[in-house]
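Heads up, input_4.cif below (mmCIF, C-alpha atoms):
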```cif
data_run
#
loop_
_atom_site.label_atom_id
_atom_site.label_comp_id
_atom_site.auth_asym_id
_atom_site.auth_seq_id
_atom_site.Cartn_x
_atom_site.Cartn_y
_atom_site.Cartn_z
CA MET T 1 10.02 99.86 118.18
CA ARG T 2 11.74 96.85 119.78
CA ARG T 3 10.24 97.80 123.13
CA VAL T 4 6.71 97.80 121.70
CA VAL T 5 7.05 94.37 120.07
CA GLY T 6 9.02 92.95 123.00
CA SER T 7 6.43 94.12 125.49
CA TYR T 8 3.60 92.50 123.48
CA LEU T 9 5.48 89.20 123.20
CA ALA T 10 6.35 89.22 126.90
CA GLU T 11 2.69 89.69 127.82
CA LEU T 12 1.66 86.96 125.38
CA ALA T 13 4.24 84.54 126.81
CA ASP T 14 2.98 85.32 130.30
CA GLN T 15 -0.62 84.48 129.29
CA LEU T 16 0.28 81.25 127.51
CA GLY T 17 0.46 78.22 129.74
CA ARG T 18 2.54 75.08 129.49
CA PRO T 19 4.12 73.17 127.83
CA SER T 20 7.07 75.56 127.70
CA ALA T 21 8.42 74.19 124.40
CA ALA T 22 5.09 74.81 122.68
CA ARG T 23 4.88 78.26 124.29
CA ALA T 24 8.37 79.19 123.03
CA ALA T 25 7.46 78.04 119.51
CA ILE T 26 4.26 80.14 119.53
CA VAL T 27 6.13 83.24 120.71
CA ALA T 28 8.82 82.74 118.05
CA GLU T 29 6.19 82.36 115.32
CA LEU T 30 4.28 85.47 116.37
CA GLU T 31 7.49 87.44 116.79
CA ASP T 32 8.24 86.80 113.11
CA GLY T 33 4.70 87.83 112.18
CA LEU T 34 4.89 91.03 114.24
CA TRP T 35 8.20 92.10 112.75
CA THR T 36 6.93 91.29 109.23
CA ALA T 37 3.85 93.42 109.90
CA THR T 38 5.99 96.23 111.37
CA ILE T 39 8.27 96.28 108.32
CA ALA T 40 5.24 96.25 106.01
CA HIS T 41 3.79 99.33 107.77
CA GLN T 42 7.16 101.09 107.65
CA THR T 43 7.30 100.39 103.90
CA ARG T 44 3.91 102.10 103.62
CA GLY T 45 5.42 105.20 105.19
CA LEU T 46 4.78 104.93 108.92
CA PRO T 47 7.57 105.89 111.32
CA PRO T 48 9.13 102.88 113.12
CA GLU T 49 7.43 103.34 116.50
CA GLU T 50 4.01 103.88 114.94
CA ALA T 51 4.53 100.94 112.56
CA ALA T 52 5.23 98.69 115.56
CA ARG T 53 2.16 99.97 117.44
CA THR T 54 -0.01 99.44 114.36
CA ALA T 55 1.31 95.89 113.96
CA VAL T 56 0.64 95.13 117.63
CA ALA T 57 -2.90 96.54 117.37
CA GLU T 58 -3.46 94.49 114.21
CA PHE T 59 -2.54 91.29 116.05
CA GLY T 60 -5.09 91.88 118.78
CA ASP T 61 -5.12 91.82 122.56
CA PRO T 62 -2.48 89.31 123.81
CA HIS T 63 -4.94 87.87 126.31
CA THR T 64 -7.37 87.03 123.49
CA VAL T 65 -4.61 85.62 121.30
CA ALA T 66 -3.29 83.48 124.17
CA ALA T 67 -6.80 82.21 124.91
CA GLY T 68 -7.07 81.15 121.27
CA PHE T 69 -4.09 78.88 121.77
CA GLY T 70 -5.65 77.27 124.85
CA PRO T 71 -7.09 74.25 123.00
CA GLU T 72 -3.80 73.68 121.15
CA LEU T 73 -1.73 73.82 124.30
CA ALA T 74 -4.16 71.52 126.11
CA ALA T 75 -4.03 69.05 123.22
CA ALA T 76 -0.22 69.22 123.15
CA THR T 77 -0.03 68.66 126.92
CA GLY T 78 -2.40 65.69 126.80
CA ARG T 79 -0.61 64.16 123.84
CA ARG T 80 2.86 64.51 125.42
CA VAL T 81 1.71 62.97 128.68
CA ALA T 82 -0.14 60.12 126.96
CA LEU T 83 2.80 59.27 124.71
CA ALA T 84 5.20 59.36 127.68
CA LEU T 85 2.96 56.96 129.61
CA LEU T 86 2.58 54.60 126.64
CA THR T 87 6.33 54.47 126.04
CA THR T 88 7.43 54.18 129.68
CA GLY T 89 4.67 51.75 130.69
CA PRO T 90 6.36 48.69 129.19
CA LEU T 91 9.65 49.69 130.87
CA VAL T 92 8.00 49.88 134.28
CA GLY T 93 6.15 46.62 133.67
CA SER T 94 9.36 44.91 132.57
CA CYS T 95 11.11 45.90 135.81
CA TRP T 96 8.33 44.30 137.87
CA LEU T 97 8.29 41.17 135.72
CA LEU T 98 12.08 40.99 136.15
CA LEU T 99 11.60 41.21 139.90
CA GLY T 100 9.11 38.35 139.84
CA ALA T 101 11.34 36.17 137.67
CA ALA T 102 14.49 37.02 139.65
CA THR T 103 12.79 36.31 142.97
CA TRP T 104 11.54 32.94 141.75
CA ARG T 105 14.97 32.08 140.35
CA TRP T 106 16.88 33.29 143.42
CA THR T 107 14.66 32.02 146.19
CA GLY T 108 12.98 29.14 144.40
CA ARG T 109 9.70 30.45 145.75
CA GLU T 110 6.84 32.04 143.92
CA LEU T 111 5.26 35.16 145.28
CA PRO T 112 2.50 34.61 147.89
CA ALA T 113 -0.98 34.07 146.48
CA ALA T 114 -2.20 37.11 148.47
CA LEU T 115 -0.15 39.27 146.12
CA GLY T 116 -2.27 37.89 143.30
CA LEU T 117 -4.84 40.50 144.39
CA VAL T 118 -2.27 43.22 143.76
CA VAL T 119 -1.58 41.83 140.31
CA ALA T 120 -5.33 41.71 139.53
CA LEU T 121 -5.80 45.31 140.66
CA VAL T 122 -2.84 46.47 138.58
CA GLY T 123 -4.44 44.67 135.65
CA LEU T 124 -7.62 46.70 136.22
CA VAL T 125 -5.54 49.86 136.32
CA LEU T 126 -4.04 48.97 132.94
CA VAL T 127 -7.51 48.40 131.51
CA VAL T 128 -8.26 52.05 132.40
CA ALA T 129 -4.85 53.65 131.77
CA VAL T 130 -3.95 52.23 128.36
CA PRO T 131 -7.22 53.00 126.53
CA ALA T 132 -7.29 56.47 128.12
CA ALA T 133 -3.77 57.20 126.90
CA VAL T 134 -4.52 55.85 123.42
CA LEU T 135 -7.71 57.98 123.29
CA SER T 136 -5.73 61.09 124.24
CA VAL T 137 -3.23 60.50 121.43
CA ALA T 138 -5.99 59.72 118.93
CA VAL T 139 -8.17 62.80 119.56
CA SER T 140 -5.20 65.16 119.52
CA GLY T 141 -4.30 64.16 115.98
CA ARG T 142 -6.23 63.59 112.78
CA LEU T 143 -9.52 62.78 114.57
CA SER T 144 -9.61 66.32 115.95
CA ARG T 145 -11.13 67.41 112.64
CA TRP T 146 -14.35 65.59 113.58
CA LEU T 147 -14.09 66.11 117.33
CA PRO T 148 -14.21 69.82 118.16
CA THR T 149 -14.01 68.90 121.85
CA GLY T 150 -10.83 66.94 121.11
CA PRO T 151 -8.51 69.07 123.31
CA GLN T 152 -10.86 68.77 126.30
CA VAL T 153 -11.31 65.04 125.83
CA GLY T 154 -7.58 64.55 125.17
CA ALA T 155 -6.42 66.45 128.25
CA THR T 156 -9.00 64.70 130.45
CA ALA T 157 -8.10 61.26 129.09
CA ALA T 158 -4.40 61.93 129.66
CA ALA T 159 -5.15 63.03 133.24
CA VAL T 160 -7.13 59.80 133.79
CA ALA T 161 -4.27 57.71 132.37
CA ALA T 162 -1.67 59.48 134.52
CA SER T 163 -3.83 59.18 137.66
CA ALA T 164 -4.36 55.48 136.95
CA CYS T 165 -0.57 55.06 136.69
CA VAL T 166 -0.19 56.73 140.09
CA VAL T 167 -2.66 54.23 141.56
CA GLY T 168 -0.91 51.36 139.79
CA ASP T 169 2.51 52.38 141.08
CA LEU T 170 1.18 52.77 144.62
CA LEU T 171 -0.32 49.25 144.40
CA LEU T 172 2.96 47.83 143.13
CA LEU T 173 5.03 49.53 145.82
CA GLY T 174 2.55 48.41 148.48
CA GLY T 175 2.71 44.89 147.09
CA LEU T 176 6.50 44.98 147.22
CA LEU T 177 6.41 45.99 150.88
CA ALA T 178 3.94 43.20 151.64
CA ALA T 179 6.07 40.69 149.73
CA ALA T 180 9.17 41.70 151.69
CA VAL T 181 7.27 41.11 154.95
CA LEU T 182 5.51 37.91 153.90
CA THR T 183 8.35 36.16 152.09
CA GLY T 184 11.36 37.56 153.89
CA GLY T 185 13.37 37.13 150.72
CA LEU T 186 13.37 39.05 147.48
CA ALA T 187 15.84 39.54 144.69
CA TRP T 188 16.81 42.86 146.21
CA PRO T 189 18.70 44.41 143.27
CA ALA T 190 15.66 43.78 141.06
CA ALA T 191 13.35 44.97 143.86
CA LEU T 192 15.24 48.23 144.26
CA LEU T 193 15.22 48.77 140.49
CA ALA T 194 11.47 48.15 140.24
CA ALA T 195 10.76 50.33 143.28
CA GLY T 196 12.96 53.13 141.95
CA VAL T 197 11.36 53.08 138.50
CA SER T 198 7.81 53.04 139.91
CA SER T 199 8.57 55.77 142.46
CA THR T 200 9.94 57.99 139.72
CA ARG T 201 6.99 57.29 137.43
CA LEU T 202 4.54 57.87 140.29
CA SER T 203 5.98 61.31 141.00
CA LEU T 204 6.10 62.33 137.33
CA ALA T 205 2.64 60.92 136.56
CA GLY T 206 1.15 62.81 139.50
CA ARG T 207 2.56 66.11 138.25
CA ALA T 208 1.50 65.29 134.69
CA ALA T 209 -2.09 64.61 135.82
CA ARG T 210 -2.24 68.00 137.56
CA ARG T 211 -0.79 69.69 134.47
CA CYS T 212 -3.40 68.05 132.21
CA LEU T 213 -6.24 69.09 134.52
CA ALA T 214 -4.89 72.66 134.67
CA ALA T 215 -4.75 72.77 130.85
CA ARG T 216 -8.28 71.34 130.71
CA ALA T 217 -9.53 74.00 133.14
CA THR T 218 -8.40 76.80 130.80
CA LEU T 219 -10.87 75.56 128.17
CA THR T 220 -14.02 76.03 130.27
CA MET L 1 -17.04 91.94 107.70
CA ARG L 2 -17.82 90.98 111.28
CA ALA L 3 -15.89 88.09 112.81
CA GLU L 4 -19.05 86.23 113.78
CA VAL L 5 -20.13 86.12 110.11
CA LEU L 6 -16.94 84.26 109.25
CA LYS L 7 -17.30 81.80 112.10
CA GLY L 8 -17.46 78.27 110.74
CA HIS L 9 -15.88 79.32 107.43
CA LEU L 10 -12.45 80.44 108.64
CA ASP L 11 -10.89 77.00 108.17
CA GLY L 12 -12.00 76.89 104.54
CA LEU L 13 -10.68 80.41 103.92
CA LEU L 14 -7.29 79.48 105.40
CA LEU L 15 -7.07 76.31 103.30
CA ALA L 16 -7.95 78.34 100.19
CA ALA L 17 -5.25 80.91 101.02
CA LEU L 18 -2.67 78.12 101.15
CA GLU L 19 -3.76 76.50 97.91
CA ALA L 20 -1.31 78.53 95.83
CA GLY L 21 1.69 77.55 97.94
CA PRO L 22 3.28 77.70 101.41
CA LEU L 23 2.75 80.89 103.44
CA HIS L 24 3.57 82.01 106.96
CA GLY L 25 0.84 83.19 109.31
CA TYR L 26 1.00 86.92 108.57
CA ALA L 27 1.15 86.24 104.82
CA VAL L 28 -2.01 84.11 105.13
CA MET L 29 -3.79 87.00 106.83
CA GLU L 30 -2.55 89.43 104.14
CA ALA L 31 -3.78 87.05 101.43
CA LEU L 32 -7.27 87.02 103.00
CA ARG L 33 -7.26 90.79 103.39
CA THR L 34 -6.07 91.42 99.82
CA GLY L 35 -8.26 88.72 98.26
CA SER L 36 -11.39 90.12 99.95
CA GLY L 37 -10.61 93.76 99.14
CA GLY L 38 -10.16 94.45 102.84
CA ARG L 39 -13.54 92.97 103.84
CA VAL L 40 -11.95 90.08 105.74
CA ASP L 41 -9.90 91.80 108.40
CA LEU L 42 -9.67 89.61 111.49
CA PRO L 43 -7.13 90.23 114.26
CA THR L 44 -3.98 88.68 112.85
CA GLY L 45 -3.20 86.92 116.11
CA THR L 46 -6.36 84.82 115.87
CA VAL L 47 -5.30 83.28 112.58
CA TYR L 48 -2.34 81.49 114.17
CA PRO L 49 -4.35 79.26 116.55
CA ALA L 50 -6.58 78.31 113.61
CA LEU L 51 -3.51 77.29 111.58
CA HIS L 52 -2.26 75.22 114.52
CA ARG L 53 -5.65 73.52 114.73
CA LEU L 54 -5.55 72.70 111.02
CA GLU L 55 -2.08 71.23 111.46
CA ARG L 56 -3.25 69.08 114.37
CA ALA L 57 -6.06 67.80 112.11
CA GLU L 58 -3.36 67.05 109.48
CA LEU L 59 -4.98 69.33 106.89
CA VAL L 60 -1.84 71.49 106.71
CA ARG L 61 1.77 70.88 107.70
CA SER L 62 4.33 73.41 108.82
CA ARG L 63 8.03 73.77 108.53
CA TRP L 64 10.47 76.14 110.16
CA SER L 65 13.01 78.25 108.31
CA THR L 66 15.20 81.24 109.15
CA GLU L 67 14.38 84.60 107.57
CA GLY L 68 16.29 87.76 108.47
CA GLY L 69 17.68 86.13 111.60
CA ARG L 70 14.21 85.13 112.82
CA ARG L 71 12.55 81.73 112.92
CA ARG L 72 9.65 81.57 110.49
CA ARG L 73 6.94 78.90 110.41
CA SER L 74 5.29 78.36 107.03
CA TYR L 75 2.27 76.24 106.29
CA GLU L 76 1.26 74.24 103.24
CA LEU L 77 -1.75 72.10 102.33
CA THR L 78 -1.56 68.35 102.77
CA PRO L 79 -3.43 66.03 100.37
CA ALA L 80 -6.11 65.69 103.08
CA GLY L 81 -6.27 69.49 103.24
CA SER L 82 -6.81 69.71 99.48
CA ARG L 83 -9.68 67.25 99.75
CA ALA L 84 -11.15 69.16 102.69
CA LEU L 85 -10.95 72.38 100.67
CA ALA L 86 -12.80 70.75 97.76
CA GLU L 87 -15.51 69.56 100.20
CA GLU L 88 -15.74 73.02 101.74
CA ARG L 89 -16.20 74.59 98.29
CA GLY L 90 -18.97 72.12 97.44
CA SER L 91 -20.74 72.73 100.78
CA TRP L 92 -20.46 76.50 100.38
CA GLN L 93 -21.79 76.38 96.82
CA GLU L 94 -24.84 74.43 97.95
CA PHE L 95 -25.37 76.66 100.99
CA SER L 96 -25.04 79.95 99.14
CA THR L 97 -27.30 78.77 96.30
CA THR L 98 -30.00 77.71 98.77
CA VAL L 99 -29.82 80.82 100.95
CA SER L 100 -29.73 83.15 97.94
CA ALA L 101 -32.84 81.51 96.53
CA LEU L 102 -34.68 81.85 99.84
CA LEU L 103 -33.64 85.47 100.35
CA GLU L 104 -34.68 86.37 96.85
CA GLY L 105 -37.98 84.51 97.14
CA ARG L 106 -37.39 82.15 94.29
CA PRO L 107 -37.45 78.34 94.33
CA SER L 108 -34.19 76.60 95.22
CA PRO L 109 -32.72 74.43 92.47
CA ALA L 110 -33.24 70.69 93.03
CA PRO L 111 -30.38 68.92 94.81
CA ALA L 112 -27.85 67.39 92.41
#
```

Write out the structure in this file as structure tokens.
Amino acid sequence: MRRVVGSYLAELADQLGRPSAARAAIVAELEDGLWTATIAHQTRGLPPEEAARTAVAEFGDPHTVAAGFGPELAAATGRRVALALLTTGPLVGSCWLLLGAATWRWTGRELPAALGLVVALVGLVLVVAVPAAVLSVAVSGRLSRWLPTGPQVGATAAAVAASACVVGDLLLLGGLLAAAVLTGGLAWPAALLAAGVSSTRLSLAGRAARRCLAARATLT
Amino acid sequence: MRAEVLKGHLDGLLLAALEAGPLHGYAVMEALRTGSGGRVDLPTGTVYPALHRLERAELVRSRWSTEGGRRRRSYELTPAGSRALAEERGSWQEFSTTVSALLEGRPSPAPA
């Protein structure tokens, strides 16, 4: 009996994608349902093994059940990524603003005008990233009632936001390198902090973008 | 009753099943099966994604508890879900009245 239910749940877990926390919650919920169904069939007189097989058959093919959760998992992935970007964005921005202020205070010099281009491009990136992240959060919540394509839009928007952050971080790191060459003097502790934070965010955002696109691909 | 016949109405049926009080996924399916005299008999596993979708749309909310050593997730209607259910009932009433009239070859009643 345990083997029958366990085997079904293992196959279901294998078919479900990321995020792993959502996957674990789904498996736990269906495990409860399967055992409830099994006990109900035993109460009606079926032997334990047959009751478990009947419950498993009643639930349906695990591949079909897992596919049914595709939109929910895509929406959850997009929402998590978008919220992470919206909450960490100000932190990353603050580190770069700190670098600018610390450099000016320490060296008495402002950053070269050429780096103004970097700042403008990062501004453009924000114009893309922030609305995309906000859209992803919005369509994965209450608005999903009126937007049946919400999970697809949400996962795509989150991927766009994460990719934009990758571009933004690359621009900032490139600008830092140029500033080090052009000015010869930076507030290095602040520079290392900003570079470290952006490098970390760049790596995580890149993986998050791929994860969102993979979740989106399961919906087509 | 074939699954494709229920397509588009499943959300309303789930909201109606939860109107009496919180239920977990399997209990929702049993309520539909019992309430329809066995005519509504979808694969139980397909009800869960629909409940998750309703929660994402904030028409139901869930909470976890522990029953018999297992984690159980139960769902209940939100105020928005109650309003959605009332709208669904009104839409269905209008739809079924119109289609019945057409199938029976009699004039449809005028819209309210």

_Just want the 10 Å neighbourhood of Ala27 (chain L), counted on all atoms listed in the file, with same-chain residues fewer than 3 positions away dropped. Output as a list in words._
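Counting only the stated atoms, we get Gly33, Thr36 and Ala37 of chain T; Ala17, Leu18, Pro22, Leu23, His24, Glu30, Ala31, Leu32, Arg33, Thr44 and Ser74 of chain L.
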
Deliver the residues from the most recent selection as a file, using C-alpha atoms, as a PDB file, in the coordinates of the input.
```pdb
ATOM      1  CA  GLY T  33       4.700  87.830 112.180  1.00  0.00           C
ATOM      2  CA  THR T  36       6.930  91.290 109.230  1.00  0.00           C
ATOM      3  CA  ALA T  37       3.850  93.420 109.900  1.00  0.00           C
TER       4      ALA T  37
ATOM      5  CA  ALA L  17      -5.250  80.910 101.020  1.00  0.00           C
ATOM      6  CA  LEU L  18      -2.670  78.120 101.150  1.00  0.00           C
ATOM      7  CA  PRO L  22       3.280  77.700 101.410  1.00  0.00           C
ATOM      8  CA  LEU L  23       2.750  80.890 103.440  1.00  0.00           C
ATOM      9  CA  HIS L  24       3.570  82.010 106.960  1.00  0.00           C
ATOM     10  CA  GLU L  30      -2.550  89.430 104.140  1.00  0.00           C
ATOM     11  CA  ALA L  31      -3.780  87.050 101.430  1.00  0.00           C
ATOM     12  CA  LEU L  32      -7.270  87.020 103.000  1.00  0.00           C
ATOM     13  CA  ARG L  33      -7.260  90.790 103.390  1.00  0.00           C
ATOM     14  CA  THR L  44      -3.980  88.680 112.850  1.00  0.00           C
ATOM     15  CA  SER L  74       5.290  78.360 107.030  1.00  0.00           C
TER      16      SER L  74
END
```

*asked:* Could you tell me how far CA of Arg207 (chain T) sits from CA of Arg79 (chain T), in Å to one decimal place?
replied: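 For CA of Arg79 (chain T) relative to CA of Arg207 (chain T), the distance reads 14.9 Å.
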
*asked:* Which residue is closest to Leu98 (chain T)? Choose from T:Leu172, T:Val27, T:Ala194, T:Leu202 and count all atoms listed in the file.
replied: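 For Leu98 (chain T), the nearest of the candidates is T:Ala194.
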
*What separation in Å, quoted to one decimal, exists between CA of Val128 (chain T) and CA of Gly116 (chain T)?*
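Distance between the two atoms: 18.8 Å.
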
*asked:* With distances taken over all atoms listed in the file, which residue among T:His63, T:Arg145, T:Arg2, T:Arg211 lies nearest chain L?
replied: T:Arg145

Dump as a tab-separated table the rows for residues of chain L within 12 Å of chain T: closest atom pair and distance in Å with one decimal, all atoms listed in the file counted, ordered by chain and rising residue number.
```
residue	atom	partner	partner_atom	distance
L:Gly8	CA	T:Pro148	CA	11.7
L:Asp11	CA	T:Arg145	CA	10.6
L:Leu23	CA	T:Gly33	CA	11.3
L:His24	CA	T:Gly33	CA	7.9
L:Gly25	CA	T:Gly33	CA	6.7
L:Tyr26	CA	T:Gly33	CA	5.2
L:Ala27	CA	T:Gly33	CA	8.3
L:Val28	CA	T:Gly33	CA	10.4
L:Met29	CA	T:Gly33	CA	10.1
L:Glu30	CA	T:Ala37	CA	9.5
L:Asp41	CA	T:Glu58	CA	9.1
L:Leu42	CA	T:Glu58	CA	8.4
L:Pro43	CA	T:Phe59	CA	5.0
L:Thr44	CA	T:Phe59	CA	4.4
L:Gly45	CA	T:Phe59	CA	4.4
L:Thr46	CA	T:Val65	CA	5.8
L:Val47	CA	T:Val65	CA	9.1
L:Tyr48	CA	T:Leu30	CA	8.0
L:Pro49	CA	T:Phe69	CA	5.2
L:Ala50	CA	T:Gly68	CA	8.2
L:Leu51	CA	T:Glu72	CA	10.2
L:His52	CA	T:Glu72	CA	7.0
L:Arg53	CA	T:Glu72	CA	6.7
L:Leu54	CA	T:Arg145	CA	7.9
L:Glu55	CA	T:Gly141	CA	8.7
L:Arg56	CA	T:Gly141	CA	5.3
L:Ala57	CA	T:Arg142	CA	4.3
L:Glu58	CA	T:Arg142	CA	5.6
L:Leu59	CA	T:Arg142	CA	8.3
L:Val60	CA	T:Arg142	CA	10.9
L:Arg61	CA	T:Arg142	CA	12.0
L:Ser62	CA	T:Glu29	CA	11.2
L:Arg63	CA	T:Glu29	CA	11.1
L:Trp64	CA	T:Glu29	CA	9.1
L:Ser65	CA	T:Glu29	CA	10.6
L:Thr66	CA	T:Asp32	CA	9.7
L:Glu67	CA	T:Asp32	CA	8.6
L:Gly68	CA	T:Asp32	CA	9.3
L:Gly69	CA	T:Asp32	CA	9.6
L:Arg70	CA	T:Asp32	CA	6.2
L:Arg71	CA	T:Ala28	CA	6.4
L:Arg72	CA	T:Glu29	CA	6.0
L:Arg73	CA	T:Glu29	CA	6.1
L:Ser74	CA	T:Glu29	CA	9.2
L:Tyr75	CA	T:Glu29	CA	11.6
L:Ala80	CA	T:Arg142	CA	9.9
L:Gly81	CA	T:Arg145	CA	10.8
L:Ala84	CA	T:Arg145	CA	10.1
```

_Nearest residue to Ala132 (chain T) from the set T:Gly100, T:Gly108, T:Gly78, T:Pro47 (distances using all atoms listed in the file)_ = T:Gly78

_Given the PyMOL selection byres ((chain T and resi 84-95) around 7) and the file above, list the residues it selects as a PyMOL selection string._
chain T and resi 80-83+96-99+133+193-194+197-198

*How far is it from CA of Ala190 (chain T) to CA of Ala102 (chain T), in Å with one decimal?*
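CA of Ala102 (chain T) lies at a distance of 7.0 Å from CA of Ala190 (chain T).
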
*Residues selected by the PyMOL selection byres ((chain T and resi 209) around 9), written as a list in words*: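 Evaluating the PyMOL selection byres ((chain T and resi 209) around 9) on this file yields Val81, Ala155, Thr156, Ala158, Ala159, Val160, Ala161, Ala162, Ser163, Leu204, Ala205, Gly206, Arg207, Ala208, Arg210, Arg211, Cys212, Leu213 and Ala214 of chain T.
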
_I want to know what sits within 12 Å of Gly123 (chain T), based on all atoms listed in the file, with residues of the same chain fewer than 2 positions away left out; could you give that as a VMD selection string?_
chain T and resid 93 116 to 121 125 to 130 164 to 165 167 to 169 171 to 172

*asked:* Counting all atoms listed in the file, which residue out of L:Ala16, L:Ser36, L:Leu10, L:Gly21 sits closest to Glu76 (chain L)?
replied: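 Going through L:Ala16, L:Ser36, L:Leu10, L:Gly21 one by one, the smallest distance to Glu76 (chain L) is for L:Gly21.
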
Starting from the incomplete input, reconstruct N, CA and C atoms of region 28-40 of chain L and report them as a PDB file, in the frame of the given file.
```
ATOM      1  N   VAL L  28      -0.665  84.675 105.303  1.00  0.00           N
ATOM      2  CA  VAL L  28      -2.010  84.110 105.130  1.00  0.00           C
ATOM      3  C   VAL L  28      -3.050  85.200 105.397  1.00  0.00           C
ATOM      4  N   MET L  29      -2.852  85.941 106.483  1.00  0.00           N
ATOM      5  CA  MET L  29      -3.790  87.000 106.830  1.00  0.00           C
ATOM      6  C   MET L  29      -3.810  88.079 105.745  1.00  0.00           C
ATOM      7  N   GLU L  30      -2.629  88.437 105.227  1.00  0.00           N
ATOM      8  CA  GLU L  30      -2.550  89.430 104.140  1.00  0.00           C
ATOM      9  C   GLU L  30      -3.259  88.927 102.892  1.00  0.00           C
ATOM     10  N   ALA L  31      -3.120  87.633 102.605  1.00  0.00           N
ATOM     11  CA  ALA L  31      -3.780  87.050 101.430  1.00  0.00           C
ATOM     12  C   ALA L  31      -5.299  87.159 101.572  1.00  0.00           C
ATOM     13  N   LEU L  32      -5.819  86.906 102.771  1.00  0.00           N
ATOM     14  CA  LEU L  32      -7.270  87.020 103.000  1.00  0.00           C
ATOM     15  C   LEU L  32      -7.722  88.472 102.874  1.00  0.00           C
ATOM     16  N   ARG L  33      -6.919  89.360 103.418  1.00  0.00           N
ATOM     17  CA  ARG L  33      -7.260  90.790 103.390  1.00  0.00           C
ATOM     18  C   ARG L  33      -7.267  91.289 101.948  1.00  0.00           C
ATOM     19  N   THR L  34      -6.215  90.960 101.210  1.00  0.00           N
ATOM     20  CA  THR L  34      -6.070  91.420  99.820  1.00  0.00           C
ATOM     21  C   THR L  34      -7.132  90.776  98.934  1.00  0.00           C
ATOM     22  N   GLY L  35      -7.318  89.446  99.102  1.00  0.00           N
ATOM     23  CA  GLY L  35      -8.260  88.720  98.260  1.00  0.00           C
ATOM     24  C   GLY L  35      -9.699  89.157  98.465  1.00  0.00           C
ATOM     25  N   SER L  36     -10.019  89.689  99.650  1.00  0.00           N
ATOM     26  CA  SER L  36     -11.390  90.120  99.950  1.00  0.00           C
ATOM     27  C   SER L  36     -11.566  91.617  99.782  1.00  0.00           C
ATOM     28  N   GLY L  37     -10.526  92.306  99.278  1.00  0.00           N
ATOM     29  CA  GLY L  37     -10.610  93.760  99.140  1.00  0.00           C
ATOM     30  C   GLY L  37     -10.720  94.451 100.485  1.00  0.00           C
ATOM     31  N   GLY L  38     -10.135  93.836 101.509  1.00  0.00           N
ATOM     32  CA  GLY L  38     -10.160  94.450 102.840  1.00  0.00           C
ATOM     33  C   GLY L  38     -11.383  94.088 103.670  1.00  0.00           C
ATOM     34  N   ARG L  39     -12.314  93.331 103.096  1.00  0.00           N
ATOM     35  CA  ARG L  39     -13.540  92.970 103.840  1.00  0.00           C
ATOM     36  C   ARG L  39     -13.252  91.952 104.947  1.00  0.00           C
ATOM     37  N   VAL L  40     -12.331  91.039 104.704  1.00  0.00           N
ATOM     38  CA  VAL L  40     -11.950  90.080 105.740  1.00  0.00           C
ATOM     39  C   VAL L  40     -10.736  90.659 106.457  1.00  0.00           C
TER      40      VAL L  40
END
```
